[in-house]
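S.K.: What follows is entry-v3.cif, mmCIF, C-alpha atoms.
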data_run
#
loop_
_atom_site.label_atom_id
_atom_site.label_comp_id
_atom_site.auth_asym_id
_atom_site.auth_seq_id
_atom_site.Cartn_x
_atom_site.Cartn_y
_atom_site.Cartn_z
CA MET A 1116 105.22 36.04 137.21
CA LYS A 1117 105.75 39.75 137.87
CA VAL A 1118 103.83 41.79 140.43
CA LEU A 1119 104.29 45.48 141.16
CA ALA A 1120 103.58 46.47 144.78
CA ILE A 1121 102.68 50.11 145.38
CA LYS A 1122 102.60 51.81 148.77
CA LEU A 1123 101.21 55.25 149.50
CA VAL A 1124 103.77 56.80 151.85
CA ASP A 1125 102.46 58.66 154.94
CA TYR A 1126 98.88 57.87 153.92
CA ARG A 1127 97.57 57.77 157.51
CA GLU A 1128 99.17 61.12 158.29
CA TRP A 1129 97.56 62.57 155.18
CA THR A 1130 94.09 61.38 156.26
CA GLU A 1131 94.55 62.82 159.75
CA ARG A 1132 95.32 66.24 158.33
CA LEU A 1133 91.83 66.32 156.82
CA GLY A 1134 90.23 66.93 160.23
CA TYR A 1135 87.59 64.96 162.14
CA ASP A 1136 84.77 65.32 159.61
CA ARG A 1137 86.89 63.49 157.06
CA GLU A 1138 85.49 60.05 156.24
CA TRP A 1139 83.28 61.26 153.41
CA LEU A 1140 86.19 63.29 152.04
CA ILE A 1141 88.61 60.33 152.27
CA GLN A 1142 86.16 58.15 150.33
CA LYS A 1143 85.68 60.87 147.73
CA ILE A 1144 89.42 61.39 147.21
CA GLN A 1145 90.20 57.65 147.26
CA ASN A 1146 87.64 56.98 144.55
CA LYS A 1147 88.89 59.94 142.54
CA PHE A 1148 92.52 58.86 142.53
CA MET A 1149 91.70 55.17 142.04
CA MET A 1150 89.67 56.14 138.97
CA LYS A 1151 92.77 57.87 137.62
CA ILE A 1152 95.01 54.93 138.55
CA HIS A 1153 92.71 52.56 136.67
CA GLU A 1154 92.84 54.85 133.65
CA ILE A 1155 96.65 55.01 133.74
CA ALA A 1156 97.01 51.25 134.32
CA SER A 1157 94.78 50.45 131.35
CA GLN A 1158 97.07 52.48 129.09
CA TYR A 1159 99.93 50.17 130.11
CA ASN A 1160 97.80 46.99 129.83
CA THR A 1161 97.63 46.18 133.52
CA PHE A 1162 95.00 46.38 136.28
CA PRO A 1163 95.31 47.63 139.89
CA LEU A 1164 94.06 45.41 142.69
CA GLN A 1165 92.91 48.07 145.14
CA LEU A 1166 93.00 45.91 148.28
CA ARG A 1167 93.75 48.37 151.16
CA PHE A 1168 93.71 51.56 149.04
CA ASP A 1169 96.95 52.62 150.76
CA ASN A 1170 98.72 49.54 149.31
CA PHE A 1171 97.80 47.92 146.02
CA LEU A 1172 99.16 45.43 143.51
CA MET A 1173 99.43 45.11 139.74
CA ILE A 1174 100.18 42.04 137.63
CA VAL A 1175 102.74 43.44 135.17
CA ASP A 1176 103.86 40.57 132.96
CA GLY A 1177 104.13 41.76 129.37
CA ILE A 1178 105.26 45.24 130.46
CA THR A 1179 108.89 46.34 130.18
CA ASN A 1180 110.70 48.04 133.05
CA THR A 1181 110.88 51.21 130.99
CA GLN A 1182 107.10 51.18 130.58
CA LEU A 1183 106.73 50.55 134.31
CA MET A 1184 108.80 53.62 135.11
CA TYR A 1185 106.65 55.77 132.83
CA MET A 1186 103.50 54.37 134.46
CA ILE A 1187 104.80 55.01 137.96
CA ASN A 1188 105.68 58.59 137.06
CA ASP A 1189 102.16 59.07 135.68
CA MET A 1190 100.72 57.78 138.98
CA ARG A 1191 102.94 60.06 141.06
CA GLU A 1192 101.49 63.05 139.26
CA ASN A 1193 97.94 62.04 140.24
CA LEU A 1194 98.22 60.96 143.88
CA PRO A 1195 97.96 63.16 147.00
CA VAL A 1196 100.98 61.51 148.66
CA ARG A 1197 104.33 60.03 147.68
CA ILE A 1198 104.47 56.43 146.51
CA LYS A 1199 107.02 53.68 146.96
CA THR A 1200 107.12 50.78 144.50
CA CYS A 1201 108.87 47.47 144.08
CA LEU A 1202 108.76 44.72 141.48
CA GLY A 1203 108.56 41.12 142.65
CA TYR A 1204 108.91 37.85 140.78
CA GLY A 1205 107.64 34.37 141.57
CA LYS A 1206 106.26 31.16 140.12
CA THR A 1207 102.77 32.26 141.16
CA PRO A 1208 101.06 35.64 141.68
CA LEU A 1209 101.01 34.93 145.42
CA GLU A 1210 104.76 34.33 145.57
CA ALA A 1211 105.46 37.32 143.34
CA GLN A 1212 103.36 39.68 145.48
CA TRP A 1213 105.03 38.35 148.63
CA ASN A 1214 108.49 39.08 147.22
CA ALA A 1215 107.35 42.51 146.05
CA SER A 1216 105.90 43.28 149.48
CA VAL A 1217 109.09 42.25 151.31
CA CYS A 1218 111.13 44.36 148.91
CA LEU A 1219 108.71 47.26 149.38
CA ASN A 1220 109.21 47.26 153.14
CA ASN A 1221 112.96 46.71 153.19
CA LYS A 1222 114.49 48.46 150.19
CA GLU A 1223 114.34 51.43 147.94
CA ASP A 1224 112.46 51.06 144.66
CA GLU A 1225 113.92 48.04 142.90
CA PHE A 1226 113.40 46.88 139.31
CA LYS A 1227 115.30 43.83 138.16
CA GLU A 1228 114.80 42.25 134.75
CA TYR A 1229 112.48 39.25 135.00
CA VAL A 1230 111.07 36.83 132.45
CA ASP A 1231 107.49 37.56 131.37
CA GLU A 1232 104.92 34.81 131.81
CA LYS A 1233 101.45 34.39 130.37
CA ILE A 1234 98.74 35.54 132.79
CA ALA A 1235 95.65 33.55 133.75
CA ALA A 1236 92.77 35.79 134.88
CA LEU A 1237 89.63 34.42 136.53
CA HIS A 1238 86.30 36.25 136.45
CA PHE A 1239 83.99 34.70 139.07
CA ASP A 1240 80.25 35.29 139.23
CA ILE A 1241 77.74 34.07 141.85
CA ASN A 1242 74.67 32.40 140.41
CA PHE A 1243 71.29 33.95 141.30
CA ASN A 1244 72.69 36.45 143.82
CA THR A 1245 71.13 39.46 142.07
CA GLU A 1246 67.81 37.66 141.72
CA ALA A 1247 67.92 36.84 145.43
CA LEU A 1248 67.51 40.56 146.20
CA LYS A 1249 63.81 40.07 145.44
CA TYR A 1250 63.36 38.08 148.66
CA THR A 1251 66.29 39.04 150.90
CA SER A 1252 67.83 42.26 152.17
CA VAL A 1253 70.66 44.22 150.58
CA TYR A 1254 72.83 43.56 153.62
CA ASP A 1255 72.17 39.81 153.72
CA SER A 1256 73.00 39.63 150.03
CA PHE A 1257 76.26 41.42 150.71
CA LEU A 1258 77.09 39.04 153.57
CA GLU A 1259 76.77 36.13 151.14
CA ILE A 1260 79.12 37.95 148.78
CA ALA A 1261 81.61 38.58 151.61
CA ASN A 1262 81.53 34.95 152.77
CA ILE A 1263 82.11 33.67 149.25
CA TYR A 1264 84.98 36.14 148.87
CA VAL A 1265 86.64 34.59 151.92
CA ASP A 1266 86.13 31.06 150.57
CA LEU A 1267 87.45 31.96 147.12
CA SER A 1268 90.43 33.80 148.62
CA ARG A 1269 91.38 30.78 150.71
CA PHE A 1270 91.10 28.42 147.75
CA LEU A 1271 93.20 30.63 145.48
CA TYR A 1272 95.75 31.20 148.25
CA LYS A 1273 96.29 27.44 148.47
CA ILE A 1274 97.12 27.26 144.75
CA GLY A 1275 99.19 30.45 144.66
CA GLY A 1276 96.52 32.84 143.45
CA ILE A 1277 95.21 36.25 144.52
CA LEU A 1278 91.71 37.72 144.44
CA GLN A 1279 89.98 41.12 144.25
CA TYR A 1280 86.29 41.92 144.81
CA LEU A 1281 84.97 43.84 141.81
CA GLY A 1282 81.54 44.87 143.06
CA GLY A 1283 78.10 43.36 142.61
CA ASP A 1284 78.58 39.60 142.80
CA ASN A 1285 81.80 39.51 140.79
CA TYR A 1286 85.42 38.78 141.71
CA LEU A 1287 88.67 38.90 139.77
CA GLY A 1288 91.43 36.39 140.44
CA PHE A 1289 94.87 35.63 139.06
CA VAL A 1290 96.74 32.33 139.06
CA SER A 1291 99.69 30.89 137.18
CA THR A 1292 98.80 29.05 133.99
CA ASN A 1293 99.98 25.85 135.71
CA SER A 1294 97.13 26.19 138.22
CA VAL A 1295 94.29 26.63 135.73
CA ASN A 1296 93.42 22.92 135.77
CA LYS A 1297 92.98 23.10 139.55
CA VAL A 1298 90.48 25.92 139.10
CA ILE A 1299 88.56 23.95 136.48
CA GLU A 1300 88.53 20.87 138.69
CA LYS A 1301 87.24 22.91 141.64
CA PHE A 1302 84.37 24.59 139.81
CA SER A 1303 83.44 22.13 137.06
CA ASP A 1304 80.49 20.80 139.09
CA ASP A 1305 79.75 23.91 141.16
CA ASN A 1306 76.13 25.07 140.79
CA LYS A 1307 76.69 28.27 142.79
CA ILE A 1308 79.68 29.88 141.08
CA LYS A 1309 80.74 30.16 137.47
CA VAL A 1310 84.19 31.23 136.32
CA GLY A 1311 85.41 32.68 133.06
CA ILE A 1312 89.10 32.05 132.44
CA GLY A 1313 91.32 34.14 130.19
CA ILE A 1314 94.97 33.59 129.34
CA GLY A 1315 96.93 36.40 127.75
CA GLN A 1316 100.29 38.14 127.41
CA ASN A 1317 99.31 40.92 129.80
CA ALA A 1318 96.71 41.55 132.50
CA ARG A 1319 94.36 43.65 130.39
CA ILE A 1320 94.13 41.03 127.64
CA ALA A 1321 93.76 38.20 130.17
CA ILE A 1322 90.92 40.02 131.96
CA LYS A 1323 89.17 40.79 128.67
CA LEU A 1324 89.33 37.11 127.70
CA ALA A 1325 88.10 36.06 131.15
CA THR A 1326 85.08 38.35 130.79
CA THR A 1327 84.50 37.00 127.27
CA SER A 1328 84.53 33.48 128.74
CA LEU A 1329 82.04 34.48 131.44
CA GLU A 1330 79.64 35.91 128.87
CA LYS A 1331 79.82 32.66 126.89
CA ILE A 1332 78.93 30.71 130.05
CA ARG A 1333 75.96 33.01 130.66
CA ASN A 1334 74.76 32.50 127.10
CA ASN A 1335 75.33 28.74 127.17
CA ARG A 1336 73.90 28.09 130.64
CA GLU A 1337 75.19 24.51 130.53
CA LYS A 1338 78.78 24.96 131.71
CA THR A 1339 80.18 26.40 134.91
CA TRP A 1340 83.52 27.36 133.35
CA HIS A 1341 84.96 28.40 130.01
CA ILE A 1342 88.47 29.32 128.89
CA GLU A 1343 89.71 31.69 126.18
CA GLU A 1344 93.38 31.98 125.31
CA GLU A 1345 95.21 34.60 123.28
#
Do you think you could lay out the structure here as structure tokens?
M.R.:
Amino acid sequence: MKVLAIKLVDYREWTERLGYDREWLIQKIQNKFMMKIHEIASQYNTFPLQLRFDNFLMIVDGITNTQLMYMINDMRENLPVRIKTCLGYGKTPLEAQWNASVCLNNKEDEFKEYVDEKIAALHFDINFNTEALKYTSVYDSFLEIANIYVDLSRFLYKIGGILQYLGGDNYLGFVSTNSVNKVIEKFSDDNKIKVGIGIGQNARIAIKLATTSLEKIRNNREKTWHIEEE
């Protein structure tokens, strides 16, 4: 699988130049440029995992190196600092992002030709979390979301996957297609979490199919998982 690692160069120095009354401004600018990054990424059929904001990842199977260079140039035009990028390859998203991260820290931008793999996207949803807001606090609800994020992250890490919190009570994960059965086995009898699975040629298609699967679970209400494949 192919993962693009992106680092914002001198990000901390940039934030410090904004003065002491800066946190609101940092959040404003971060959200503004991430909105633009999402827009650019969607045009190239990928999806940015925001993670630290100053470092983020993209699953880029199904995208040529030429397309990646165009996308990176588009991002450079919309960010307040320079960026450094590197393309990593591995049998799993976890391995690929590790190789991209090592390359990012040790080398100049590097783009070798790698084989494209199908992408398996996972759209997780917590059952009854939104309804629970009727009898618990906003913060306690969020703590449940945070704890489940940790549990899901650890599970996916063990099988070579990566995870991003989407907001609300939703999470987006990626695994290799070889690990999909492990996900199904884990959540087939889970009454707390449901997972929509999508398999596609690129990240945008895989995510769309994962969301389609999740909607079918919500409509069916009998299954905890569903899979759609391109």
S.K.: What separation in Å, quoted to one decimal, exists between CA of Lys1117 in chain A and CA of Lys1206 in chain A?
M.R.: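 A separation of 8.9 Å between them.
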S.K.: So, counting all atoms listed in the file, which residue among A:Met1173, A:Val1298, A:Val1310, A:Val1290 is closest to Ile1241 in chain A?
M.R.: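 The answer is A:Val1310, which sits nearest to Ile1241 in chain A.
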S.K.: Which residue gives the smallest distance to Arg1191 in chain A among A:Val1124, A:Ile1174, A:Ile1320, A:Leu1287, with only C-alpha atoms counted?
M.R.: A:Val1124
S.K.: Give me the residues near Ile1198 in chain A as a PDB file with C-alpha atoms, in the frame of the given file, where near means some atom within 7 Å (using only C-alpha atoms) and where sequence neighbours in that chain fewer than 2 positions away do not count.
M.R.:
ATOM      1  CA  ILE A1121     102.680  50.110 145.380  1.00  0.00           C
ATOM      2  CA  LYS A1122     102.600  51.810 148.770  1.00  0.00           C
ATOM      3  CA  LEU A1123     101.210  55.250 149.500  1.00  0.00           C
ATOM      4  CA  VAL A1124     103.770  56.800 151.850  1.00  0.00           C
ATOM      5  CA  ARG A1191     102.940  60.060 141.060  1.00  0.00           C
ATOM      6  CA  VAL A1196     100.980  61.510 148.660  1.00  0.00           C
ATOM      7  CA  THR A1200     107.120  50.780 144.500  1.00  0.00           C
TER       8      THR A1200
END
S.K.: Counting only C-alpha atoms, figure out which residue out of A:Asn1193, A:Asn1296, A:Ser1216, A:Gln1279 gets nearest to Lys1147 in chain A.
M.R.: A:Asn1193
S.K.: Measuring between all atoms listed in the file, which one of A:Tyr1126, A:Tyr1159, A:Tyr1185, A:Phe1239 shows the shortest distance to Leu1329 in chain A?
M.R.: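 Looking only at the distances to Leu1329 in chain A, the closest residue turns out to be A:Phe1239.
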S.K.: Identify the residues within 7 Å of coordinate (86.0, 38.5, 138.5) (same frame as the file), considering only C-alpha atoms, and give the answer as a short mmCIF file (atom, residue, chain, number, x, y, z; two decimals) with C-alpha atoms, in the frame of the given file.
M.R.:
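Full text of point-v2.cif as output:
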data_model
loop_
_atom_site.label_atom_id
_atom_site.label_comp_id
_atom_site.auth_asym_id
_atom_site.auth_seq_id
_atom_site.Cartn_x
_atom_site.Cartn_y
_atom_site.Cartn_z
CA LEU A 1237 89.63 34.42 136.53
CA HIS A 1238 86.30 36.25 136.45
CA PHE A 1239 83.99 34.70 139.07
CA ASP A 1240 80.25 35.29 139.23
CA LEU A 1281 84.97 43.84 141.81
CA ASN A 1285 81.80 39.51 140.79
CA TYR A 1286 85.42 38.78 141.71
CA LEU A 1287 88.67 38.90 139.77
CA GLY A 1288 91.43 36.39 140.44
#
S.K.: So which one's closest to Asp1176 in chain A, A:Ile1234, A:Ala1156, A:Leu1140, A:Ala1211? Using all atoms listed in the file, please.
M.R.: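 Nearest candidate to Asp1176 in chain A out of A:Ile1234, A:Ala1156, A:Leu1140, A:Ala1211: A:Ile1234.
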S.K.: Of the residues A:Val1265, A:Ile1260, A:Leu1278, A:Val1295, which is the one nearest to Lys1307 in chain A, using all atoms listed in the file?
M.R.: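 Closest residue, counting all atoms listed in the file: A:Ile1260.
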